[in-house]
Structures are given as C-alpha cells and as structure tokens.
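Visitor: The structure follows.
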Amino acid sequence: MVASLDRSRAIRHAHLYRGGVKSHVGLHRLLHYDRSNLRGDIVGAITVTAYLIPQVLAYSTIAGLSPQTGLWVIIVAGTIYALVGSSHLLSVGPESTTALLTAAALAPLALGDPVKYASLAAVLALLVGAYALLAGVLRLGFLGELLSKPVLTGYMSGVAIILLASQLGKITGVDVAGDSFLTDISSFTHNIATSGVSWPSIAVGVSVAALLLIFTPRFPRIPVTLLVVLGATIVVKVFDLASHGVEVVGAVPFAPPHVGLPDLGNGALSVLLLPAIGIFIVGYTDNILTARTFALRRGHTIHNNQEFLALGAANIGSALVGGFPASSSASRTVVAEAGGARTQVYSLIASGLVLVCVIAFGSVIGLFPLAALGGLVIYAAVRLVDVRAFQRLWRFRKREFLLAVAAFAGVLLFDILYGVLAAVALSIVELLTRVARPHAAVLGQAPGIPGWHDIDDNPNTEQIPGLVVFRYDSPLFFANAEDFLRRSRDAVTSGHPRWLLINMEGNTEVDITGLDALDELRSWCAERGVIVALVRVRHAIEEALMAHGVGHKIGVDRIYATLPTAVDAFHAWQGEN
C-alpha cells in the first residue's frame, strides 16, 4: 500500500510538472501566443531597444570589452531566454553587476592582451552557464533565497559605489588603471594631480546623468536614454569636443561574431572556476529577484529551477558568440513593461531590431561619447542605492541595519567577487545566529484566556503544580542543541516538576545532534526522577525520533497529540502515584 501511495504521488508530481513548469516555459507560451498582446509587445520592443543600445554599449566597456560585443550578447542571450525562461517580462543580457564582476576577474589575468581578455571572458560565460545548468539539474532553486534583504541592500549599494568609481576615468578624462574600488580610487587620485581633468568630458557625463535622473521617471514611455545619448553625440560632433579630450566609442564595423567554443587551454578553466561561482550566484539572484518582482505585479509564476536552466542556456549562448556573462536587467524590464510589453515576444522583436541597428547604423553608434555612456552608468548606479531601505532597516532592527552596512563595507574592501561570497556567508551566519538562540518559553494558562501562553508575557499565567510545559521555537539541530539543553535544564531546575512536557510544535526540523541533546536531557531528567513527555510532534519528526532511538526511550505512550490529552495523562499519572 505504501509503494502504491508513493507511485501515485510520483505520478501526480510528474503531472504537475508537465502542466505547471512546462506551461510557463517561454517556448510553450510562444506556441500558444495571445495575439491581443502583439501591439503592446511591438511598442515595448521598440522602446526597450532605444534604451538598451546605449546601455549595453556602456556595460560592454565596464566589462573591459569592445562596445559591440554587448550587442551580440543581448541578441543571443535575450533570444534564448525568451524561449527557455519562465518570466513573461525579464530582459536578459549584459548587466552592470555581472559586467563589473567580469572586469574584476579578468583584469589581473589578461595582462593587457585584448585577444586573451576576450577569450577569457567567453570562458567565464561558459563556466557560469555550466554552473547554472548543473544547479538546475540538481534542483538547487533555494540558492536564490540565500541573500537576505539587509545583505542585498548593502551589497547592491556597494556595487553602486564601485560602478561610480569605475566611471571616473570616462567622466573626467583621467587615466584610471585599477581592477577594484580601492585601486580605482588610488589610481584616480594619483593621476589627477599630474594630468588634470577634461572639463568637456565632465560636462557631458554629468549632464547626461542629471538629465536621465530628472526626465526618465517623468516620461517612462519615451526613450529618454536614447534621446539624451543622441543629444550628447550631436553636441560633441557639432562643437568638435573630440578634439578637446572627449573620447567616442569609435568604429563599430559590422562583422558576424566568431561562433564556437572559446579556447579552454592555457589553464583558463582552473583560474576562472572560483570567479565564475561568484558571478553565477549574483546573476541567478538578480534573475530570480527581478523576475519575482514583476511576476507578483502581473500575477505570473516564476519557477526557480527553470530560471537556472534559462540562465545557463543564455550564458552558454553568449560564450558561443565570444561574449561575456549575462544576467537580467531590472531597468530594461521596467522600460519594456512601461512601453506596453506583456510577453517575451518583445525580447525576440528587440533582438531583431538590435541586429538591424548593428548592420545599418554602426557608424552612428560609433559616435557615441564615452563620457555619455559613463553618465548612463552613473544614472544606473545611483538608482541602485536604496536609502529608504537603509532607513527602514534602522527603524525595524539595528542588527539588520548593521548587517547591511557590513555587506556594503565587505563589497568595497574585499573586492566585489569576494564580497558576493561574503554576502552569502553573512546571510547564512545571520540566519544561524537567530535559530541558534531562538525564543524559548515555559507555558502556562491565564484565567479567561484560552490556550497556553509564555509565563513571562502574562503575569497572571498559572502553571499546573508538578508540570513544566516547555517550548523551544526553532528547528532542533547542531547550531542550537547546547542552547536547547541548557534552557530546558534551567526550566526543570527552576520549576522542580515531576513531568517535563516538551511542546514540539516549533521544532519543524531535527538532526542527529539535536536529538542527541534531547536524549541527554531525558537521561539528566531521569536521574532526578523527572519524566520527559512530548506533545504536538509532527509525523516526520516522530519518525526521526524513532529512527534515532530517543523516541523509544521516551516511550510512545509519552508522546501526545494535543496539550489537553497530555495534561489529562499527567493528572492520571499523578493520581496513581
């Protein structure tokens, strides 16, 4: 009968997968496309194309690659995600954080060789894609939830500051040669004293950033980004600012990308394994958080493991065209939604429009001033700093505010790659500290108030003589086993009971270390003539108790379903003894 039940569960799970995950994959939605969305998708595609071309050019330069590289990445990665991803709106391609991570990882390795740098970037994208596919196969979707809100707030603010520092050279015309926040600042302060700044470059960059900050929120349906960058390009051309130190993108000749696997020799795989993990974690976290945000607004469903597969396929596609790691862009997704897009058809149309622009308007793109692209990055970086989130954390709990500050400082001081891993570690440590010292209570009954309550919360709470009801509000595992043992012993020592009744409704999970502590408590109580009984034990926890052996030692007759039945059993025992 058990085997039959397991088979029926497996069949039902498979059915849910076919009807649930598959129906939310992009290709399935395209095959069942609702044509009423076509007009909005076309308008959204045009709007987002106007926005993404200058943005992608800027992100390519952040990554340390030629600007046109990002255009091929957005074409390939955006198309692949539209076919494989579970989000209706997410825009996948070059993104500021992963671009910055790419530069941080590769700058010390390429040693100024652009050919080697491009090859390493493609290998990095390939590794990120491989990690994502492996995580999808292993169904590790929970990784998207490892970063808590305070850590994300601090991390993103740190990334914003690093982005600002990375644009100092483009905005000021000062030669900045660094591969981290501290080295960027050091190089900038050293060189500015000797070479001076380019005031026309500063004027262009600051003007672009200011205009974007002012007009983009007010006119979400207008391609403000493209208009501002085109305006800056016209100004630079008309006033011949290139001769006054304002650098431009340069020629963007149309040349089909070299399609194929990147060179995996010369130890490239071994040196990039760790950096790829950091970029993979950041890319997936960006994907899942942005996708969930828009899914909640539109009533859609995001499948964590499908997002692994989509991110992996997009990055492998990027590697095959000589690109760099790709992730999602919240700003492009916002622009697409504001333009009327409702499905991933807009991404397919936008990819086609980008291809047309690369073929037909490469000479115009080549006139874009680098200072203007730097201003665009500054605009994006400023939007990453969420001051209100810091204020909210401060008001809610100082501990979480300090966690955000620690993540912010870690990203700046230890470089962004290690800052990512430190942010994940901080999230886990913060979680462990909370569950390692959880709330615990001795329970009693208050006159006129139904149920059982913490005796410290209500001064009128009364206990039953000879009975201590103890509740530990956490999974019982290695991190809090000693704390559980200490506090439950304190409850016995202060209450002098005949019975210790442990309410296990809060113990949603156990491990062998936690159950060893429970067994030690049982032995300690037995030496003092105190009986240990359990109440409100979940079925899975009861199975673990029996498998461990402590359940048999306590006795099945001392495990109760409800508090009233446990109290009745205590009174019956008391009457007999």
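As shown in the structure tokens, the chain order sets the letters A, B, ...; within each chain, residues go from 1, and ligands are also counted from 1 in the order they appear.
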Quick one: everything within 8 Å of stretch 190-192 of chain A, counting only C-alpha atoms, minus sequence neighbours fewer than 3 positions away in the same chain. Send it as a list of chain:residue names.
Guide: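 Contacts, with the query itself left out: A:Val174, A:Asp175, A:Val176, A:Ser186, A:Ser187, A:Ser195, A:Gly196, A:Val197.
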Visitor: What's around A:Ile449 at 12 Å? Count only C-alpha atoms, leave out sequence neighbours fewer than 2 positions away in its own chain, and write the answer as a ChimeraX atom specification.
Guide: /A:444-447,451-453,458,460-462
Visitor: Produce a table with one row for each residue of stretch 35-152 of chain A that has an atom at most 9 Å from any atom of stretch 159-173 of chain A, each row naming the nearest atom pair and its distance in Å at one decimal; use only C-alpha atoms; arrange rows by chain and rising residue number; format as a tab-separated table.
Guide:
residue	atom	partner	partner_atom	distance
A:Ile62	CA	A:Ser166	CA	7.4
A:Ser96	CA	A:Leu163	CA	7.9
A:Thr97	CA	A:Val159	CA	6.9
A:Leu100	CA	A:Leu163	CA	7.4
Visitor: In Å, how far is it from atom CA of A:Ile202 to atom CA of A:Phe239?
Guide: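 According to the coordinates, atom CA of A:Ile202 and atom CA of A:Phe239 are separated by 15.2 Å.
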Visitor: Check the DSSP output for the backbone and give back, as a VMD selection string, the residues of stretch 73-279 of chain A in helix (DSSP H, G or I).
Guide: chain A and resid 73 to 84 96 to 110 114 to 137 141 to 145 149 to 166 168 to 172 181 to 195 199 to 215 224 to 238 241 to 244 268 to 279
Visitor: Restricting the output to C-alpha atoms, write the selected residues as a compact mmCIF listing (two decimals), in the first residue's frame.
Guide:
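Result went into part_32.txt, see below:
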# COMPACT_ATOMS: atom_id res chain seq x y z
CA VAL A 73 25.30 39.17 -26.27
CA ILE A 74 21.91 40.88 -25.99
CA ILE A 75 20.78 39.40 -29.31
CA VAL A 76 21.74 35.84 -28.39
CA ALA A 77 21.06 35.80 -24.64
CA GLY A 78 17.78 37.70 -24.99
CA THR A 79 16.51 35.31 -27.65
CA ILE A 80 17.49 32.20 -25.70
CA TYR A 81 15.86 33.44 -22.50
CA ALA A 82 12.65 34.27 -24.36
CA LEU A 83 12.46 30.62 -25.41
CA VAL A 84 13.55 28.96 -22.15
CA SER A 96 26.09 46.23 -14.85
CA THR A 97 26.93 43.98 -11.89
CA THR A 98 28.00 40.94 -13.90
CA ALA A 99 29.93 43.22 -16.27
CA LEU A 100 31.79 44.69 -13.32
CA LEU A 101 32.43 41.22 -11.91
CA THR A 102 33.81 40.17 -15.28
CA ALA A 103 36.26 43.06 -15.33
CA ALA A 104 37.32 42.40 -11.73
CA ALA A 105 38.00 38.75 -12.52
CA LEU A 106 39.81 39.17 -15.82
CA ALA A 107 41.89 42.32 -15.46
CA PRO A 108 44.64 40.64 -13.38
CA LEU A 109 44.71 37.61 -15.73
CA ALA A 110 44.74 39.07 -19.23
CA PRO A 114 42.78 42.18 -25.59
CA VAL A 115 42.63 38.89 -27.50
CA LYS A 116 43.34 36.87 -24.36
CA TYR A 117 40.90 39.04 -22.40
CA ALA A 118 38.06 38.37 -24.87
CA SER A 119 38.80 34.64 -24.84
CA LEU A 120 38.79 34.54 -21.02
CA ALA A 121 35.50 36.46 -20.94
CA ALA A 122 33.89 33.83 -23.16
CA VAL A 123 35.28 31.02 -20.98
CA LEU A 124 33.87 32.80 -17.93
CA ALA A 125 30.42 32.94 -19.55
CA LEU A 126 30.69 29.25 -20.42
CA LEU A 127 31.52 28.34 -16.81
CA VAL A 128 28.67 30.47 -15.45
CA GLY A 129 26.32 28.71 -17.86
CA ALA A 130 27.64 25.29 -16.82
CA TYR A 131 27.17 26.08 -13.12
CA ALA A 132 23.61 27.25 -13.77
CA LEU A 133 22.70 24.15 -15.78
CA LEU A 134 24.19 21.90 -13.10
CA ALA A 135 22.22 23.73 -10.39
CA GLY A 136 19.05 23.32 -12.45
CA VAL A 137 19.62 19.59 -12.86
CA GLY A 141 16.44 26.69 -6.61
CA PHE A 142 16.70 27.57 -2.93
CA LEU A 143 20.03 29.30 -3.68
CA GLY A 144 18.04 32.28 -4.88
CA GLU A 145 16.87 32.80 -1.31
CA LYS A 149 17.08 41.73 2.40
CA PRO A 150 19.70 43.54 4.57
CA VAL A 151 22.59 41.83 2.78
CA LEU A 152 21.09 42.56 -0.64
CA THR A 153 20.59 46.21 0.32
CA GLY A 154 24.19 46.60 1.45
CA TYR A 155 25.58 44.55 -1.42
CA MET A 156 23.76 46.49 -4.14
CA SER A 157 24.80 49.81 -2.59
CA GLY A 158 28.41 48.64 -2.56
CA VAL A 159 28.14 47.63 -6.21
CA ALA A 160 26.73 51.09 -6.97
CA ILE A 161 29.76 52.81 -5.40
CA ILE A 162 32.12 50.52 -7.32
CA LEU A 163 30.25 51.34 -10.54
CA LEU A 164 30.65 55.05 -9.84
CA ALA A 165 34.38 54.60 -9.20
CA SER A 166 34.75 52.58 -12.41
CA LEU A 168 35.82 58.15 -13.05
CA GLY A 169 38.19 57.79 -15.99
CA LYS A 170 35.47 58.11 -18.66
CA ILE A 171 33.81 61.08 -16.98
CA THR A 172 36.95 63.07 -16.16
CA PHE A 181 37.29 50.03 -5.89
CA LEU A 182 40.38 50.82 -3.82
CA THR A 183 42.79 50.62 -6.76
CA ASP A 184 40.47 52.73 -8.92
CA ILE A 185 40.37 55.45 -6.27
CA SER A 186 44.13 55.24 -5.69
CA SER A 187 44.89 55.44 -9.41
CA PHE A 188 42.47 58.33 -9.91
CA THR A 189 43.81 60.45 -7.04
CA HIS A 190 47.40 59.82 -8.16
CA ASN A 191 46.85 60.64 -11.83
CA ILE A 192 44.53 63.62 -11.40
CA ALA A 193 47.34 65.54 -9.74
CA THR A 194 49.63 65.05 -12.72
CA SER A 195 47.37 65.02 -15.77
CA TRP A 199 36.20 69.61 -18.29
CA PRO A 200 34.25 68.96 -21.52
CA SER A 201 34.11 65.25 -20.63
CA ILE A 202 32.88 66.08 -17.13
CA ALA A 203 30.24 68.40 -18.57
CA VAL A 204 28.97 65.72 -20.97
CA GLY A 205 28.94 62.90 -18.40
CA VAL A 206 27.35 64.89 -15.57
CA SER A 207 24.77 66.41 -17.91
CA VAL A 208 23.72 63.00 -19.23
CA ALA A 209 23.40 61.57 -15.70
CA ALA A 210 21.43 64.60 -14.50
CA LEU A 211 19.05 64.59 -17.48
CA LEU A 212 18.38 60.87 -17.08
CA LEU A 213 17.70 61.25 -13.36
CA ILE A 214 15.30 64.12 -14.00
CA PHE A 215 13.38 63.00 -17.08
CA VAL A 224 14.73 59.21 -22.76
CA THR A 225 18.02 57.29 -22.61
CA LEU A 226 18.44 57.14 -26.37
CA LEU A 227 17.37 60.76 -26.86
CA VAL A 228 19.79 62.03 -24.21
CA VAL A 229 22.73 60.00 -25.55
CA LEU A 230 21.93 61.06 -29.13
CA GLY A 231 21.74 64.67 -27.93
CA ALA A 232 25.15 64.33 -26.28
CA THR A 233 26.51 62.80 -29.50
CA ILE A 234 25.23 65.75 -31.54
CA VAL A 235 26.73 68.25 -29.12
CA VAL A 236 30.11 66.52 -29.22
CA LYS A 237 30.02 66.44 -33.04
CA VAL A 238 28.80 70.00 -33.59
CA LEU A 241 34.57 68.22 -28.46
CA ALA A 242 36.52 65.15 -29.55
CA SER A 243 39.45 67.47 -30.22
CA HIS A 244 39.10 68.75 -26.63
CA ALA A 268 41.77 29.21 -18.26
CA LEU A 269 39.30 26.83 -16.66
CA SER A 270 41.20 26.39 -13.40
CA VAL A 271 41.78 30.10 -12.76
CA LEU A 272 38.18 31.06 -13.53
CA LEU A 273 36.34 28.38 -11.55
CA LEU A 274 36.01 30.49 -8.38
CA PRO A 275 35.19 33.82 -10.11
CA ALA A 276 32.52 32.04 -12.14
CA ILE A 277 30.83 30.84 -8.94
CA GLY A 278 30.55 34.41 -7.67
CA ILE A 279 29.16 35.68 -10.98
